[in-house]
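Structure file protein_9.txt (compact mmCIF, C-alpha atoms) follows.
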# COMPACT_ATOMS: atom_id res chain seq x y z
CA MET A 3 -69.11 4.61 142.63
CA SER A 4 -70.62 1.14 143.12
CA ASP A 5 -71.81 2.11 146.60
CA ALA A 6 -73.14 5.50 145.52
CA LEU A 7 -76.76 6.32 146.30
CA ARG A 8 -79.01 6.24 143.27
CA ILE A 9 -81.42 9.16 143.52
CA VAL A 10 -84.14 10.97 141.60
CA ILE A 11 -84.48 14.77 141.86
CA ALA A 12 -87.86 16.51 141.39
CA GLU A 13 -87.76 20.31 141.04
CA ASP A 14 -89.64 22.42 138.50
CA ASN A 15 -86.94 25.12 138.33
CA TYR A 16 -84.40 23.87 135.79
CA LEU A 17 -81.45 25.82 137.19
CA VAL A 18 -82.12 24.65 140.76
CA ARG A 19 -82.64 21.08 139.56
CA GLU A 20 -79.39 20.94 137.61
CA GLY A 21 -77.49 22.80 140.31
CA THR A 22 -78.63 20.25 142.89
CA ARG A 23 -77.58 17.44 140.55
CA ARG A 24 -74.08 18.85 140.10
CA VAL A 25 -73.58 19.56 143.80
CA LEU A 26 -74.59 16.05 144.80
CA GLU A 27 -72.68 14.21 142.11
CA ALA A 28 -69.55 16.21 142.93
CA THR A 29 -69.49 14.47 146.35
CA GLY A 30 -68.81 11.12 144.69
CA GLU A 31 -71.44 9.55 146.95
CA VAL A 32 -74.51 10.10 144.77
CA VAL A 33 -75.57 9.23 141.23
CA VAL A 34 -78.59 11.14 139.91
CA ILE A 35 -80.45 8.63 137.72
CA ALA A 36 -83.27 11.03 136.80
CA ALA A 37 -84.11 14.71 137.24
CA VAL A 38 -87.73 15.72 136.60
CA GLY A 39 -89.96 18.77 136.88
CA THR A 40 -93.37 17.48 138.04
CA ALA A 41 -94.81 15.17 140.67
CA THR A 42 -96.27 12.95 137.95
CA GLU A 43 -92.84 12.52 136.35
CA LEU A 44 -91.37 11.84 139.79
CA LEU A 45 -93.80 9.00 140.52
CA ASP A 46 -93.20 7.51 137.08
CA ALA A 47 -89.41 7.66 137.53
CA VAL A 48 -89.60 5.94 140.91
CA ASP A 49 -91.85 3.19 139.53
CA ARG A 50 -89.47 2.55 136.61
CA LEU A 51 -86.05 3.08 138.17
CA ARG A 52 -86.49 2.14 141.86
CA PRO A 53 -83.91 4.59 143.23
CA ASP A 54 -82.47 4.44 146.73
CA ALA A 55 -83.89 7.86 147.52
CA VAL A 56 -85.71 10.90 146.17
CA ILE A 57 -85.18 14.63 146.66
CA THR A 58 -88.29 16.65 145.91
CA ASP A 59 -89.53 20.21 146.14
CA ILE A 60 -92.86 20.81 147.92
CA ARG A 61 -94.61 22.92 145.27
CA MET A 62 -94.60 21.64 141.71
CA PRO A 63 -96.84 21.67 138.64
CA PRO A 64 -99.68 21.47 137.98
CA GLY A 65 -101.11 23.10 141.10
CA HIS A 66 -98.00 24.39 142.90
CA GLN A 67 -99.54 23.35 146.23
CA LEU A 68 -98.29 20.31 148.17
CA GLU A 69 -97.52 18.01 145.24
CA GLY A 70 -94.12 17.06 146.63
CA ILE A 71 -95.54 16.01 149.98
CA GLY A 72 -98.32 14.04 148.28
CA ALA A 73 -95.74 12.30 146.09
CA ALA A 74 -93.61 11.53 149.16
CA HIS A 75 -96.55 9.80 150.84
CA GLU A 76 -97.35 7.80 147.70
CA ILE A 77 -93.73 6.75 147.21
CA ARG A 78 -93.39 5.57 150.80
CA ALA A 79 -96.65 3.61 150.53
CA LYS A 80 -95.76 1.90 147.24
CA HIS A 81 -91.98 1.63 147.64
CA PRO A 82 -91.11 1.51 151.36
CA ALA A 83 -87.43 0.91 150.60
CA VAL A 84 -87.15 4.32 148.89
CA GLY A 85 -86.27 7.22 151.19
CA VAL A 86 -87.60 10.71 150.50
CA VAL A 87 -86.09 14.08 151.40
CA VAL A 88 -88.41 17.07 150.88
CA LEU A 89 -86.72 20.44 150.33
CA SER A 90 -88.62 23.52 151.45
CA GLN A 91 -88.24 27.26 151.80
CA HIS A 92 -90.45 27.23 154.91
CA SER A 93 -88.98 26.92 158.40
CA GLY A 94 -92.41 26.85 160.05
CA GLY A 95 -93.63 23.53 161.37
CA SER A 96 -96.87 23.16 159.38
CA TYR A 97 -95.33 21.74 156.20
CA ALA A 98 -93.04 19.40 158.12
CA TYR A 99 -96.04 18.20 160.08
CA GLU A 100 -97.99 17.55 156.86
CA LEU A 101 -95.09 15.42 155.65
CA LEU A 102 -94.61 13.42 158.85
CA LYS A 103 -98.07 13.23 160.42
CA ASN A 104 -98.95 9.78 159.02
CA GLY A 105 -95.57 8.17 159.52
CA THR A 106 -91.98 9.30 159.86
CA ALA A 107 -89.81 6.39 158.71
CA GLY A 108 -87.73 7.13 155.65
CA LEU A 109 -88.74 10.79 155.42
CA GLY A 110 -86.69 13.97 155.73
CA TYR A 111 -87.60 17.66 155.74
CA LEU A 112 -84.76 20.07 154.96
CA LEU A 113 -84.56 23.72 154.02
CA LYS A 114 -83.43 24.44 150.47
CA ASP A 115 -80.33 26.19 151.81
CA ARG A 116 -78.93 22.70 152.48
CA VAL A 117 -78.26 22.33 148.76
CA ALA A 118 -75.26 24.57 149.43
CA GLU A 119 -74.15 22.10 152.13
CA PRO A 120 -73.76 18.82 150.21
CA THR A 121 -72.36 16.96 153.21
CA GLU A 122 -75.56 17.63 155.18
CA LEU A 123 -77.75 16.75 152.23
CA VAL A 124 -75.94 13.46 151.63
CA ARG A 125 -76.17 12.65 155.33
CA ALA A 126 -79.93 13.21 155.23
CA LEU A 127 -80.22 10.94 152.18
CA LYS A 128 -78.33 8.19 153.99
CA GLU A 129 -80.59 8.58 157.03
CA VAL A 130 -83.83 8.20 155.06
CA VAL A 131 -82.42 5.28 153.06
CA ALA A 132 -81.75 3.60 156.42
CA GLY A 133 -85.43 4.13 157.32
CA ARG A 134 -84.86 6.94 159.79
CA SER A 135 -86.21 10.49 159.70
CA VAL A 136 -84.49 13.87 159.61
CA ILE A 137 -85.84 17.35 160.34
CA ASP A 138 -83.74 20.41 159.56
CA SER A 139 -82.10 21.84 162.67
CA GLU A 140 -83.19 25.37 161.68
CA VAL A 141 -86.82 24.22 161.61
CA VAL A 142 -86.44 22.75 165.07
CA GLN A 143 -84.74 25.88 166.37
CA ALA A 144 -87.53 28.09 165.00
CA LEU A 145 -90.07 25.90 166.79
CA VAL A 146 -87.99 25.94 169.97
CA ASP A 147 -87.88 29.74 169.92
CA ARG A 148 -91.59 30.11 169.16
CA ARG A 149 -92.90 27.42 171.50
CA GLY A 150 -90.58 28.55 174.29
CA ARG A 151 -92.36 31.91 174.32
CA ALA A 152 -95.85 30.41 174.15
CA GLN A 153 -97.98 30.30 177.27
CA GLY A 154 -98.54 26.74 178.44
CA SER A 155 -96.00 25.22 176.08
CA ALA A 156 -94.41 22.07 177.45
CA LEU A 157 -91.19 23.27 175.86
CA ARG A 158 -90.91 25.92 178.55
CA GLU A 159 -90.28 23.06 180.96
CA LEU A 160 -87.21 21.83 179.10
CA THR A 161 -83.76 22.88 180.27
CA PRO A 162 -81.32 24.48 177.79
CA ARG A 163 -79.40 21.20 177.63
CA GLU A 164 -82.58 19.22 176.97
CA ILE A 165 -83.39 21.60 174.11
CA GLU A 166 -79.94 20.95 172.65
CA VAL A 167 -80.54 17.21 172.89
CA LEU A 168 -83.98 17.58 171.29
CA ARG A 169 -82.45 19.46 168.38
CA GLU A 170 -79.85 16.73 167.85
CA MET A 171 -82.59 14.10 168.01
CA ALA A 172 -84.52 15.88 165.28
CA GLU A 173 -81.46 15.81 163.05
CA GLY A 174 -81.44 12.02 163.34
CA GLY A 175 -78.58 11.74 165.81
CA THR A 176 -78.11 8.48 167.70
CA ASN A 177 -77.29 8.58 171.41
CA PRO A 178 -73.53 8.13 170.80
CA ALA A 179 -73.58 10.84 168.11
CA ILE A 180 -75.47 13.24 170.37
CA GLY A 181 -73.02 12.56 173.16
CA ALA A 182 -70.06 13.29 170.90
CA ARG A 183 -71.59 16.51 169.58
CA LEU A 184 -72.55 17.81 173.03
CA HIS A 185 -69.59 16.33 174.96
CA LEU A 186 -71.85 14.15 177.09
CA SER A 187 -71.64 10.51 178.13
CA GLU A 188 -74.19 8.13 176.63
CA SER A 189 -75.76 7.64 180.03
CA ALA A 190 -76.18 11.42 180.39
CA VAL A 191 -77.79 11.59 176.96
CA GLU A 192 -80.20 8.80 177.93
CA LYS A 193 -81.18 10.68 181.10
CA HIS A 194 -81.85 13.89 179.16
CA ILE A 195 -83.95 12.03 176.60
CA SER A 196 -85.95 10.29 179.32
CA SER A 197 -86.60 13.68 180.92
CA ILE A 198 -87.74 15.12 177.57
CA PHE A 199 -90.16 12.22 177.08
CA LEU A 200 -91.54 12.65 180.58
CA LYS A 201 -92.06 16.41 180.22
CA LEU A 202 -93.75 15.98 176.83
CA GLY A 203 -95.99 13.18 178.07
CA LEU A 204 -94.55 10.60 175.66
CA THR A 205 -95.10 7.24 177.31
CA GLU A 206 -93.84 3.81 176.33
CA GLU A 207 -97.24 3.16 174.77
CA SER A 208 -96.87 6.01 172.29
CA GLY A 209 -97.65 4.70 168.80
CA LEU A 210 -94.88 6.76 167.22
CA HIS A 211 -91.19 6.30 167.84
CA ARG A 212 -90.79 8.58 170.84
CA ARG A 213 -87.66 10.29 169.52
CA VAL A 214 -89.60 11.50 166.51
CA ALA A 215 -92.76 12.12 168.51
CA ALA A 216 -90.81 14.56 170.69
CA VAL A 217 -90.33 16.77 167.63
CA LEU A 218 -93.74 16.03 166.11
CA ALA A 219 -95.37 17.38 169.26
CA PHE A 220 -94.11 20.84 168.34
CA LEU A 221 -94.81 20.45 164.65
CA ARG A 222 -98.39 19.55 165.49
CA GLU A 223 -98.77 22.50 167.84
CA ASP A 224 -97.29 24.89 165.28
CA ALA A 225 -99.62 23.57 162.58
CA ALA A 226 -102.64 24.02 164.84
CA LEU A 227 -101.68 27.58 165.72
CA GLY A 228 -101.14 28.37 162.05
CA SER A 229 -104.61 27.12 161.22
CA ARG A 230 -106.21 29.21 163.92
CA GLY A 231 -104.27 32.27 162.78
CA ALA A 232 -105.64 31.83 159.27
CA ASP A 233 -109.30 31.91 160.40

What does the file become when written as structure tokens?
Amino acid sequence: MSDALRIVIAEDNYLVREGTRRVLEATGEVVVIAAVGTATELLDAVDRLRPDAVITDIRMPPGHQLEGIGAAHEIRAKHPAVGVVVLSQHSGGSYAYELLKNGTAGLGYLLKDRVAEPTELVRALKEVVAGRSVIDSEVVQALVDRRGRAQGSALRELTPREIEVLREMAEGGTNPAIGARLHLSESAVEKHISSIFLKLGLTEESGLHRRVAAVLAFLREDAALGSRGAD
């Protein structure tokens, strides 16, 4: 277990918290060094224990608002070597956008259902520890479906294959991994990605990593539409 990831879990529901601990430790790839119930306890545990990564719920005491996302931002600012995976019940893009809007490195957004899929959860932890980002494929698919029906959405310009590539990109797949999953050559994957960037207006000068920006474009649009719908 010397190479196991050292993680902290933050979840105010005791049964969910302990269930997540047991599922992860059963993989043999993770050691849970602390399990806490509030954002304040999470920040304290990270300061004291310096884990490799954190798994946190979005809503926690005292306010049950966006404490997990706020804690994720603070952890990344103070401890950039610590990756953070946020677990959510929401497949809409607004919460993912709130998490990723100020920077994407070392951050992941997964649906809580992934707790039942420890292999996927461990993979996401490894991705954020490596400084990459991960967005749940179901979140991306929901955005694909919604944006594809929207008038004027750039997503309508993407081919079915380009949408598949975009989804794999959001899950943190490298070009070779995407090629293997979709049975494409690396050069074909590169051409699809270049086409996606072009259609979404993501130039070389884009401040964000363009692979992540391709997904953020839809998260941002979904968040904006949600705000207008709430007026």

What residues have an atom no more than 9 Å from (-86.8, 2.4, 144.2) in the file's own frame, counting all atoms listed in the file, and can you write them as a count of residues only?
18

As a check of understanding: the span from atom CA of A:Tyr111 to atom CA of A:Gly72 is 13.6 Å

Distance criterion (all atoms listed in the file): nearest to A:Ala36 out of A:Val18, A:Ala98, A:Val142, A:Glu13:
A:Glu13

Of the residues A:Ala118, A:Leu168, A:Ala190, A:Val25, which is the one nearest to A:Leu202, using all atoms listed in the file?
A:Leu168

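The interatomic distance for the pair atom CA of A:Arg163 and atom CA of A:Ser197 works out to 10.9 Å.
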
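One finds atom CA of A:Met171 at 28.1 Å from atom CA of A:Arg23.
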
Find the nearest atom pair between each residue of stretch 80-186 of chain A and stretch 61-64 of chain A for residues within 12 Å, count all atoms listed in the file, give distances in Å to one decimal, sort rows by chain and ascending number, and present the table as JSON lines.
{"residue": "A:Val88", "atom": "CA", "partner": "A:Arg61", "partner_atom": "CA", "distance": 10.2}
{"residue": "A:Leu89", "atom": "CA", "partner": "A:Arg61", "partner_atom": "CA", "distance": 9.7}
{"residue": "A:Ser90", "atom": "CA", "partner": "A:Arg61", "partner_atom": "CA", "distance": 8.6}
{"residue": "A:Gln91", "atom": "CA", "partner": "A:Arg61", "partner_atom": "CA", "distance": 10.1}
{"residue": "A:His92", "atom": "CA", "partner": "A:Arg61", "partner_atom": "CA", "distance": 11.3}
{"residue": "A:Tyr97", "atom": "CA", "partner": "A:Arg61", "partner_atom": "CA", "distance": 11.0}

Check the smallest atom-to-atom distance from each of A:Thr176, A:Glu27, A:Asp14, A:Ala216 to A:Thr121 using all atoms listed in the file, then report the winner.
A:Glu27

Could the centre and edge lengths of an axis-aligned box, enclosing all atoms of stretch 195-200 of chain A in the file with 4 Å extra on each side, be given in Å to one decimal as AutoDock Vina command-line options?
--center_x -87.7 --center_y 12.7 --center_z 178.8 --size_x 15.6 --size_y 12.8 --size_z 12.3

Which protein, DNA or RNA residues are at most 8 Å from (-89.3, 20.6, 179.6) in the file's coordinates when you count only C-alpha atoms, listed as a VMD selection string?
chain A and resid 156 to 161 164 197 to 198 201 to 202

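Between A:Lys128 and the candidates A:Ala74, A:Val34, A:Ala172, A:Val87, the tightest atom-to-atom separation, counting all atoms listed in the file, involves A:Val87.
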
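Proximity ranking of A:Leu101, A:Ile180, A:Val10, A:Leu45 relative to A:Ile71 places A:Leu101 first, based on all atoms listed in the file.
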
Which residue gives the smallest distance to A:Gly105 among A:Glu76, A:Glu192, A:Glu129, A:Asp138, with only C-alpha atoms counted?
A:Glu76
